[in-house]
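To be precise, the following lines are final_34.cif, and they hold mmCIF, C-alpha atoms.
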data_run
#
loop_
_atom_site.group_PDB
_atom_site.id
_atom_site.type_symbol
_atom_site.label_atom_id
_atom_site.label_comp_id
_atom_site.auth_asym_id
_atom_site.auth_seq_id
_atom_site.Cartn_x
_atom_site.Cartn_y
_atom_site.Cartn_z
ATOM 1 C CA GLU J 1 1.539 -31.667 -8.753
ATOM 2 C CA ILE J 2 -0.334 -30.841 -5.530
ATOM 3 C CA GLU J 3 0.385 -34.287 -4.088
ATOM 4 C CA ALA J 4 4.085 -33.923 -4.897
ATOM 5 C CA ILE J 5 4.243 -30.549 -3.116
ATOM 6 C CA GLN J 6 2.346 -31.924 -0.110
ATOM 7 C CA LYS J 7 4.866 -34.779 0.167
ATOM 8 C CA ARG J 8 7.700 -32.261 0.105
ATOM 9 C CA ILE J 9 5.902 -30.270 2.836
ATOM 10 C CA GLU J 10 5.659 -33.426 4.968
ATOM 11 C CA ALA J 11 9.424 -33.859 4.590
ATOM 12 C CA ALA J 12 10.193 -30.181 5.359
ATOM 13 C CA PRO J 13 7.174 -28.692 7.207
ATOM 14 C CA THR J 14 8.930 -25.418 8.121
ATOM 15 C CA GLU J 15 9.948 -24.430 4.560
ATOM 16 C CA PRO J 16 7.810 -21.381 3.579
ATOM 17 C CA ALA J 17 8.597 -21.632 -0.153
ATOM 18 C CA LEU J 18 6.729 -24.945 -0.325
ATOM 19 C CA TYR J 19 3.541 -23.413 1.096
ATOM 20 C CA LEU J 20 3.826 -20.553 -1.410
ATOM 21 C CA GLN J 21 4.242 -23.065 -4.213
ATOM 22 C CA LEU J 22 1.212 -25.025 -3.011
ATOM 23 C CA ALA J 23 -0.909 -21.860 -2.750
ATOM 24 C CA THR J 24 0.135 -20.782 -6.248
ATOM 25 C CA THR J 25 -0.803 -24.197 -7.639
ATOM 26 C CA TYR J 26 -4.218 -24.037 -5.961
ATOM 27 C CA ARG J 27 -4.780 -20.510 -7.294
ATOM 28 C CA LYS J 28 -3.966 -21.623 -10.840
ATOM 29 C CA ALA J 29 -6.577 -24.354 -10.416
ATOM 30 C CA GLY J 30 -9.107 -21.735 -9.270
ATOM 31 C CA LYS J 31 -9.209 -23.018 -5.682
ATOM 32 C CA THR J 32 -8.700 -19.791 -3.758
ATOM 33 C CA ASP J 33 -10.034 -21.179 -0.463
ATOM 34 C CA ARG J 34 -7.548 -24.035 -0.550
ATOM 35 C CA ALA J 35 -4.748 -21.601 -1.410
ATOM 36 C CA LYS J 36 -5.616 -19.527 1.672
ATOM 37 C CA ALA J 37 -5.783 -22.684 3.786
ATOM 38 C CA ALA J 38 -2.312 -23.696 2.555
ATOM 39 C CA LEU J 39 -0.927 -20.273 3.491
ATOM 40 C CA ASN J 40 -2.582 -20.414 6.928
ATOM 41 C CA GLN J 41 -1.133 -23.874 7.464
ATOM 42 C CA GLY J 42 2.266 -22.531 6.462
ATOM 43 C CA LEU J 43 1.934 -19.627 8.875
ATOM 44 C CA ALA J 44 1.255 -22.057 11.712
ATOM 45 C CA GLN J 45 4.175 -24.321 10.758
ATOM 46 C CA THR J 46 6.736 -21.566 10.115
ATOM 47 C CA GLY J 47 5.939 -19.352 13.083
ATOM 48 C CA GLY J 48 4.230 -16.652 10.982
ATOM 49 C CA HIS J 49 6.776 -16.277 8.167
ATOM 50 C CA PHE J 50 6.726 -12.790 6.609
ATOM 51 C CA THR J 51 6.384 -13.922 2.975
ATOM 52 C CA LEU J 52 3.383 -16.091 3.768
ATOM 53 C CA LYS J 53 1.677 -13.266 5.686
ATOM 54 C CA GLN J 54 2.292 -10.906 2.786
ATOM 55 C CA GLU J 55 0.899 -13.364 0.239
ATOM 56 C CA LEU J 56 -2.198 -13.976 2.357
ATOM 57 C CA LEU J 57 -2.856 -10.233 2.730
ATOM 58 C CA GLU J 58 -2.473 -9.773 -1.045
ATOM 59 C CA MET J 59 -4.912 -12.620 -1.680
ATOM 60 C CA GLU J 60 -7.455 -11.113 0.691
ATOM 61 C CA LEU J 61 -7.168 -7.763 -1.102
ATOM 62 C CA GLU J 62 -7.874 -9.190 -4.576
ATOM 63 C CA PRO J 63 -11.629 -9.761 -4.178
ATOM 64 C CA LEU J 64 -12.050 -6.331 -2.585
ATOM 65 C CA ARG J 65 -10.240 -4.613 -5.455
ATOM 66 C CA SER J 66 -12.255 -6.655 -7.920
ATOM 67 C CA SER J 67 -15.515 -5.649 -6.216
ATOM 68 C CA LEU J 68 -14.468 -2.007 -6.348
ATOM 69 C CA THR J 69 -13.755 -2.074 -10.085
ATOM 70 C CA THR J 70 -16.950 -3.959 -10.923
ATOM 71 C CA ALA J 71 -19.168 -1.893 -8.607
ATOM 72 C CA SER J 72 -21.458 0.292 -10.662
ATOM 73 C CA PRO J 73 -23.838 2.936 -9.412
ATOM 74 C CA THR J 74 -27.414 1.770 -9.551
ATOM 75 C CA ASP J 75 -30.146 4.058 -10.756
ATOM 76 C CA ASP J 76 -32.425 2.782 -7.977
ATOM 77 C CA ASP J 77 -30.292 4.007 -5.083
ATOM 78 C CA PRO J 78 -27.157 5.958 -6.042
ATOM 79 C CA GLU J 79 -26.556 6.969 -2.407
ATOM 80 C CA ALA J 80 -26.409 3.329 -1.279
ATOM 81 C CA ALA J 81 -24.049 2.515 -4.156
ATOM 82 C CA ALA J 82 -21.794 5.437 -3.221
ATOM 83 C CA ALA J 83 -21.804 4.355 0.438
ATOM 84 C CA LYS J 84 -20.906 0.791 -0.560
ATOM 85 C CA LYS J 85 -18.061 2.061 -2.746
ATOM 86 C CA ALA J 86 -16.748 4.293 0.069
ATOM 87 C CA SER J 87 -16.903 1.360 2.478
ATOM 88 C CA LEU J 88 -14.965 -0.851 0.055
ATOM 89 C CA MET J 89 -12.334 1.855 -0.476
ATOM 90 C CA ALA J 90 -11.928 2.283 3.296
ATOM 91 C CA GLU J 91 -11.455 -1.465 3.795
ATOM 92 C CA ILE J 92 -8.930 -1.680 0.941
ATOM 93 C CA SER J 93 -7.057 1.314 2.344
ATOM 94 C CA LYS J 94 -6.960 -0.231 5.834
ATOM 95 C CA ARG J 95 -5.568 -3.511 4.523
ATOM 96 C CA GLU J 96 -3.032 -1.832 2.220
ATOM 97 C CA ILE J 97 -1.778 0.250 5.143
ATOM 98 C CA GLU J 98 -1.344 -2.934 7.166
ATOM 99 C CA LEU J 99 0.501 -4.584 4.266
ATOM 100 C CA PHE J 100 2.901 -1.673 3.744
ATOM 101 C CA LYS J 101 3.607 -1.378 7.481
ATOM 102 C CA MET J 102 4.533 -5.041 7.465
ATOM 103 C CA LYS J 103 6.834 -4.536 4.460
ATOM 104 C CA ILE J 104 8.504 -1.549 6.143
ATOM 105 C CA GLU J 105 9.251 -3.649 9.220
ATOM 106 C CA ARG J 106 11.376 -5.831 6.935
ATOM 107 C CA ALA J 107 13.008 -2.960 5.029
ATOM 108 C CA PRO J 108 12.907 0.181 7.219
ATOM 109 C CA ALA J 109 15.297 2.163 5.001
ATOM 110 C CA ASP J 110 13.219 1.700 1.811
ATOM 111 C CA GLY J 111 11.952 5.180 0.993
ATOM 112 C CA ALA J 112 9.675 3.945 -1.815
ATOM 113 C CA LEU J 113 7.718 1.757 0.611
ATOM 114 C CA ARG J 114 7.391 4.675 3.003
ATOM 115 C CA LEU J 115 6.078 6.860 0.155
ATOM 116 C CA GLU J 116 3.438 4.256 -0.694
ATOM 117 C CA LEU J 117 2.415 3.993 2.948
ATOM 118 C CA GLY J 118 2.376 7.777 3.341
ATOM 119 C CA GLN J 119 0.082 8.221 0.336
ATOM 120 C CA ARG J 120 -2.372 5.688 1.731
ATOM 121 C CA LEU J 121 -2.257 7.274 5.187
ATOM 122 C CA ILE J 122 -3.041 10.704 3.710
ATOM 123 C CA LEU J 123 -6.006 9.249 1.804
ATOM 124 C CA ALA J 124 -7.200 7.598 5.030
ATOM 125 C CA ASP J 125 -6.971 10.976 6.860
ATOM 126 C CA ARG J 126 -4.262 9.663 9.168
ATOM 127 C CA VAL J 127 -2.180 12.766 8.544
ATOM 128 C CA ASP J 128 0.126 12.636 11.570
ATOM 129 C CA GLU J 129 1.220 9.090 10.713
ATOM 130 C CA ALA J 130 1.680 10.123 7.074
ATOM 131 C CA ILE J 131 3.915 13.022 8.089
ATOM 132 C CA ALA J 132 6.131 10.688 10.118
ATOM 133 C CA GLU J 133 6.464 8.315 7.133
ATOM 134 C CA MET J 134 7.226 11.152 4.691
ATOM 135 C CA GLN J 135 9.884 12.573 6.995
ATOM 136 C CA ALA J 136 11.527 9.147 7.081
ATOM 137 C CA ALA J 137 11.241 8.834 3.269
ATOM 138 C CA ARG J 138 12.985 12.193 2.934
ATOM 139 C CA LYS J 139 16.211 10.617 4.174
ATOM 140 C CA ASP J 140 16.376 8.498 1.014
ATOM 141 C CA GLU J 141 17.908 10.531 -1.840
ATOM 142 C CA LYS J 142 15.766 8.712 -4.432
ATOM 143 C CA THR J 143 12.479 9.659 -2.786
ATOM 144 C CA LYS J 144 13.354 13.028 -1.286
ATOM 145 C CA GLY J 145 11.423 15.148 -3.824
ATOM 146 C CA LYS J 146 8.246 13.060 -3.797
ATOM 147 C CA ALA J 147 8.349 12.913 0.007
ATOM 148 C CA ALA J 148 8.507 16.717 0.165
ATOM 149 C CA LYS J 149 5.544 16.941 -2.227
ATOM 150 C CA LEU J 150 3.479 14.543 -0.102
ATOM 151 C CA LEU J 151 4.483 16.413 3.053
ATOM 152 C CA GLY J 152 3.093 19.538 1.407
ATOM 153 C CA HIS J 153 -0.212 17.739 0.823
ATOM 154 C CA ALA J 154 -0.258 16.451 4.402
ATOM 155 C CA PHE J 155 0.301 19.924 5.840
ATOM 156 C CA LEU J 156 -2.432 21.293 3.559
ATOM 157 C CA LYS J 157 -4.813 18.749 5.093
ATOM 158 C CA ARG J 158 -3.799 20.065 8.530
ATOM 159 C CA ASN J 159 -4.474 23.644 7.331
ATOM 160 C CA ASN J 160 -0.849 24.643 7.897
ATOM 161 C CA TRP J 161 -0.028 26.660 4.771
ATOM 162 C CA ARG J 162 3.444 27.792 5.908
ATOM 163 C CA LEU J 163 4.765 24.229 6.270
ATOM 164 C CA ALA J 164 2.924 23.109 3.138
ATOM 165 C CA GLN J 165 4.486 25.963 1.171
ATOM 166 C CA ARG J 166 7.972 25.216 2.475
ATOM 167 C CA ASN J 167 7.656 21.543 1.479
ATOM 168 C CA PHE J 168 6.163 22.315 -1.942
ATOM 169 C CA GLU J 169 9.015 24.749 -2.664
ATOM 170 C CA GLU J 170 11.555 22.135 -1.595
ATOM 171 C CA ALA J 171 9.807 19.510 -3.748
ATOM 172 C CA LEU J 172 9.977 21.811 -6.755
ATOM 173 C CA SER J 173 13.753 22.092 -6.377
ATOM 174 C CA LEU J 174 14.181 18.314 -5.882
ATOM 175 C CA LEU J 175 11.764 16.790 -8.405
ATOM 176 C CA PRO J 176 13.349 15.852 -11.745
ATOM 177 C CA GLU J 177 12.523 18.026 -14.751
ATOM 178 C CA ASN J 178 10.939 15.094 -16.603
ATOM 179 C CA ASP J 179 8.401 14.441 -13.807
ATOM 180 C CA GLU J 180 5.966 16.945 -15.295
ATOM 181 C CA GLU J 181 2.874 15.644 -13.524
ATOM 182 C CA SER J 182 4.366 16.031 -10.047
ATOM 183 C CA ARG J 183 5.845 19.414 -10.877
ATOM 184 C CA LYS J 184 2.489 20.676 -12.219
ATOM 185 C CA ASP J 185 0.759 19.454 -9.063
ATOM 186 C CA VAL J 186 3.271 21.291 -6.860
ATOM 187 C CA LEU J 187 3.049 24.482 -8.947
ATOM 188 C CA PHE J 188 -0.759 24.368 -8.831
ATOM 189 C CA HIS J 189 -0.791 24.079 -5.035
ATOM 190 C CA LEU J 190 1.824 26.808 -4.630
ATOM 191 C CA ALA J 191 -0.152 29.175 -6.870
ATOM 192 C CA ASN J 192 -3.413 28.292 -5.164
ATOM 193 C CA GLY J 193 -1.925 28.828 -1.704
ATOM 194 C CA CYS J 194 -0.357 32.145 -2.624
ATOM 195 C CA ALA J 195 -3.631 33.348 -4.139
#

Output the file's structure as structure tokens, nothing else.
Amino acid sequence: EIEAIQKRIEAAPTEPALYLQLATTYRKAGKTDRAKAALNQGLAQTGGHFTLKQELLEMELEPLRSSLTTASPTDDDPEAAAAKKASLMAEISKREIELFKMKIERAPADGALRLELGQRLILADRVDEAIAEMQAARKDEKTKGKAAKLLGHAFLKRNNWRLAQRNFEEALSLLPENDEESRKDVLFHLANGCA
């Protein structure tokens, strides 16, 4: 199967779907390094095609996520284990931010992508960037309520209770009744702030 795909690549070296197919075949065979090499080759041949970049970033995230889930605190040195876990989380966050920024370049009006990016930016303490993304996500009717909620969280991180309160109140009016978890979160922060 690999040989057949490689022959098709030789016939059409600028077709990104063929490199994706080759990488998928290598991954199924457990040859991750070859899959990455196929994607890198495709990037060079296609002038950095978006889909190939995205697939490569996803592949590079997999081992980090796997390491994070399998990392267990050691009794010998819990501080070192916690530092390693924090370092892994920071690296994953950095790469996910890069991935979502790349996706937004392709679909700038997609509010859901902007929400995902905004959440990751808040977790990475890049609050000003998160606020800009949430304000853009607010323009999408589907994500307006969640964007207001996340804006409230961002302004809380900046210690600006007035703006946080205004956004939480707006989120409460926009979030659907069946989204109990989000509504409880907003109510908790409103009550906490007022107290």

Restricting the calculation to all atoms listed in the file, which member of J:Pro78, J:Gly152, J:Pro108, J:Gly145 is positioned closest to Val127 (chain J)?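 Among J:Pro78, J:Gly152, J:Pro108, J:Gly145, it is J:Gly152 that comes nearest to Val127 (chain J).
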
Can you turn the PyMOL selection byres ((chain J and resi 134-137) around 9) into a concrete residue list for this file, as a tab-separated table (two decimals) with C-alpha atoms, in the frame of the given file?
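What ended up in result_0.tsv:
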chain	number	residue	atom	x	y	z
J	109	ALA	CA	15.30	2.16	5.00
J	110	ASP	CA	13.22	1.70	1.81
J	111	GLY	CA	11.95	5.18	0.99
J	112	ALA	CA	9.68	3.94	-1.82
J	113	LEU	CA	7.72	1.76	0.61
J	114	ARG	CA	7.39	4.68	3.00
J	115	LEU	CA	6.08	6.86	0.16
J	117	LEU	CA	2.42	3.99	2.95
J	118	GLY	CA	2.38	7.78	3.34
J	119	GLN	CA	0.08	8.22	0.34
J	129	GLU	CA	1.22	9.09	10.71
J	130	ALA	CA	1.68	10.12	7.07
J	131	ILE	CA	3.92	13.02	8.09
J	132	ALA	CA	6.13	10.69	10.12
J	133	GLU	CA	6.46	8.32	7.13
J	138	ARG	CA	12.98	12.19	2.93
J	139	LYS	CA	16.21	10.62	4.17
J	140	ASP	CA	16.38	8.50	1.01
J	141	GLU	CA	17.91	10.53	-1.84
J	142	LYS	CA	15.77	8.71	-4.43
J	143	THR	CA	12.48	9.66	-2.79
J	144	LYS	CA	13.35	13.03	-1.29
J	146	LYS	CA	8.25	13.06	-3.80
J	147	ALA	CA	8.35	12.91	0.01
J	148	ALA	CA	8.51	16.72	0.16
J	150	LEU	CA	3.48	14.54	-0.10
J	151	LEU	CA	4.48	16.41	3.05

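Closest approach to Leu39 (chain J) among J:Tyr26, J:Leu121, J:Ser67, J:Tyr19: J:Tyr19, based on all atoms listed in the file.
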
Can you list, as a ChimeraX atom specification, the residues that the PyMOL selection byres ((chain J and resi 55-57) around 10) selects here? /J:20,23-24,35-40,43,50-54,58-62,95-96,98-99

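Counting from CA of Leu175 (chain J), the distance to CA of Arg162 (chain J) is 19.9 Å.
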
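The spacing separating CA of Gln6 (chain J) from CA of Thr25 (chain J) amounts to 11.2 Å.
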
Output: region 12-29 of chain J of the preceding structure, restricted to N, CA and C atoms, written as a PDB file, in the first residue's frame.
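Final output, saved to out-v8.pdb:
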ATOM      1  N   ALA J  12       2.011  12.940  -8.856  1.00  0.00           N
ATOM      2  CA  ALA J  12       1.398  14.226  -8.479  1.00  0.00           C
ATOM      3  C   ALA J  12       2.041  14.720  -7.182  1.00  0.00           C
ATOM      4  N   PRO J  13       3.275  15.234  -7.244  1.00  0.00           N
ATOM      5  CA  PRO J  13       4.017  15.587  -6.020  1.00  0.00           C
ATOM      6  C   PRO J  13       3.456  16.768  -5.227  1.00  0.00           C
ATOM      7  N   THR J  14       2.522  17.526  -5.788  1.00  0.00           N
ATOM      8  CA  THR J  14       1.985  18.680  -5.053  1.00  0.00           C
ATOM      9  C   THR J  14       0.578  18.419  -4.507  1.00  0.00           C
ATOM     10  N   GLU J  15       0.146  17.172  -4.475  1.00  0.00           N
ATOM     11  CA  GLU J  15      -1.192  16.826  -3.973  1.00  0.00           C
ATOM     12  C   GLU J  15      -1.112  16.496  -2.476  1.00  0.00           C
ATOM     13  N   PRO J  16      -1.600  17.387  -1.598  1.00  0.00           N
ATOM     14  CA  PRO J  16      -1.459  17.177  -0.147  1.00  0.00           C
ATOM     15  C   PRO J  16      -2.186  15.939   0.375  1.00  0.00           C
ATOM     16  N   ALA J  17      -3.301  15.574  -0.239  1.00  0.00           N
ATOM     17  CA  ALA J  17      -4.073  14.416   0.241  1.00  0.00           C
ATOM     18  C   ALA J  17      -3.246  13.133   0.187  1.00  0.00           C
ATOM     19  N   LEU J  18      -2.350  13.039  -0.778  1.00  0.00           N
ATOM     20  CA  LEU J  18      -1.518  11.834  -0.896  1.00  0.00           C
ATOM     21  C   LEU J  18      -0.532  11.733   0.273  1.00  0.00           C
ATOM     22  N   TYR J  19       0.023  12.848   0.689  1.00  0.00           N
ATOM     23  CA  TYR J  19       0.958  12.842   1.822  1.00  0.00           C
ATOM     24  C   TYR J  19       0.214  12.501   3.120  1.00  0.00           C
ATOM     25  N   LEU J  20      -1.014  13.000   3.245  1.00  0.00           N
ATOM     26  CA  LEU J  20      -1.838  12.643   4.408  1.00  0.00           C
ATOM     27  C   LEU J  20      -2.124  11.152   4.422  1.00  0.00           C
ATOM     28  N   GLN J  21      -2.449  10.619   3.259  1.00  0.00           N
ATOM     29  CA  GLN J  21      -2.747   9.191   3.146  1.00  0.00           C
ATOM     30  C   GLN J  21      -1.509   8.360   3.501  1.00  0.00           C
ATOM     31  N   LEU J  22      -0.350   8.786   3.029  1.00  0.00           N
ATOM     32  CA  LEU J  22       0.888   8.084   3.324  1.00  0.00           C
ATOM     33  C   LEU J  22       1.196   8.140   4.827  1.00  0.00           C
ATOM     34  N   ALA J  23       1.032   9.308   5.428  1.00  0.00           N
ATOM     35  CA  ALA J  23       1.280   9.456   6.867  1.00  0.00           C
ATOM     36  C   ALA J  23       0.330   8.585   7.678  1.00  0.00           C
ATOM     37  N   THR J  24      -0.930   8.544   7.280  1.00  0.00           N
ATOM     38  CA  THR J  24      -1.915   7.710   7.976  1.00  0.00           C
ATOM     39  C   THR J  24      -1.536   6.236   7.883  1.00  0.00           C
ATOM     40  N   THR J  25      -1.086   5.809   6.719  1.00  0.00           N
ATOM     41  CA  THR J  25      -0.683   4.416   6.524  1.00  0.00           C
ATOM     42  C   THR J  25       0.518   4.084   7.408  1.00  0.00           C
ATOM     43  N   TYR J  26       1.493   4.982   7.458  1.00  0.00           N
ATOM     44  CA  TYR J  26       2.651   4.768   8.330  1.00  0.00           C
ATOM     45  C   TYR J  26       2.234   4.708   9.801  1.00  0.00           C
ATOM     46  N   ARG J  27       1.322   5.586  10.195  1.00  0.00           N
ATOM     47  CA  ARG J  27       0.869   5.595  11.597  1.00  0.00           C
ATOM     48  C   ARG J  27       0.168   4.291  11.956  1.00  0.00           C
ATOM     49  N   LYS J  28      -0.642   3.775  11.044  1.00  0.00           N
ATOM     50  CA  LYS J  28      -1.313   2.492  11.297  1.00  0.00           C
ATOM     51  C   LYS J  28      -0.304   1.366  11.474  1.00  0.00           C
ATOM     52  N   ALA J  29       0.829   1.490  10.789  1.00  0.00           N
ATOM     53  CA  ALA J  29       1.884   0.476  10.878  1.00  0.00           C
ATOM     54  C   ALA J  29       2.790   0.732  12.091  1.00  0.00           C
TER      55      ALA J  29
END
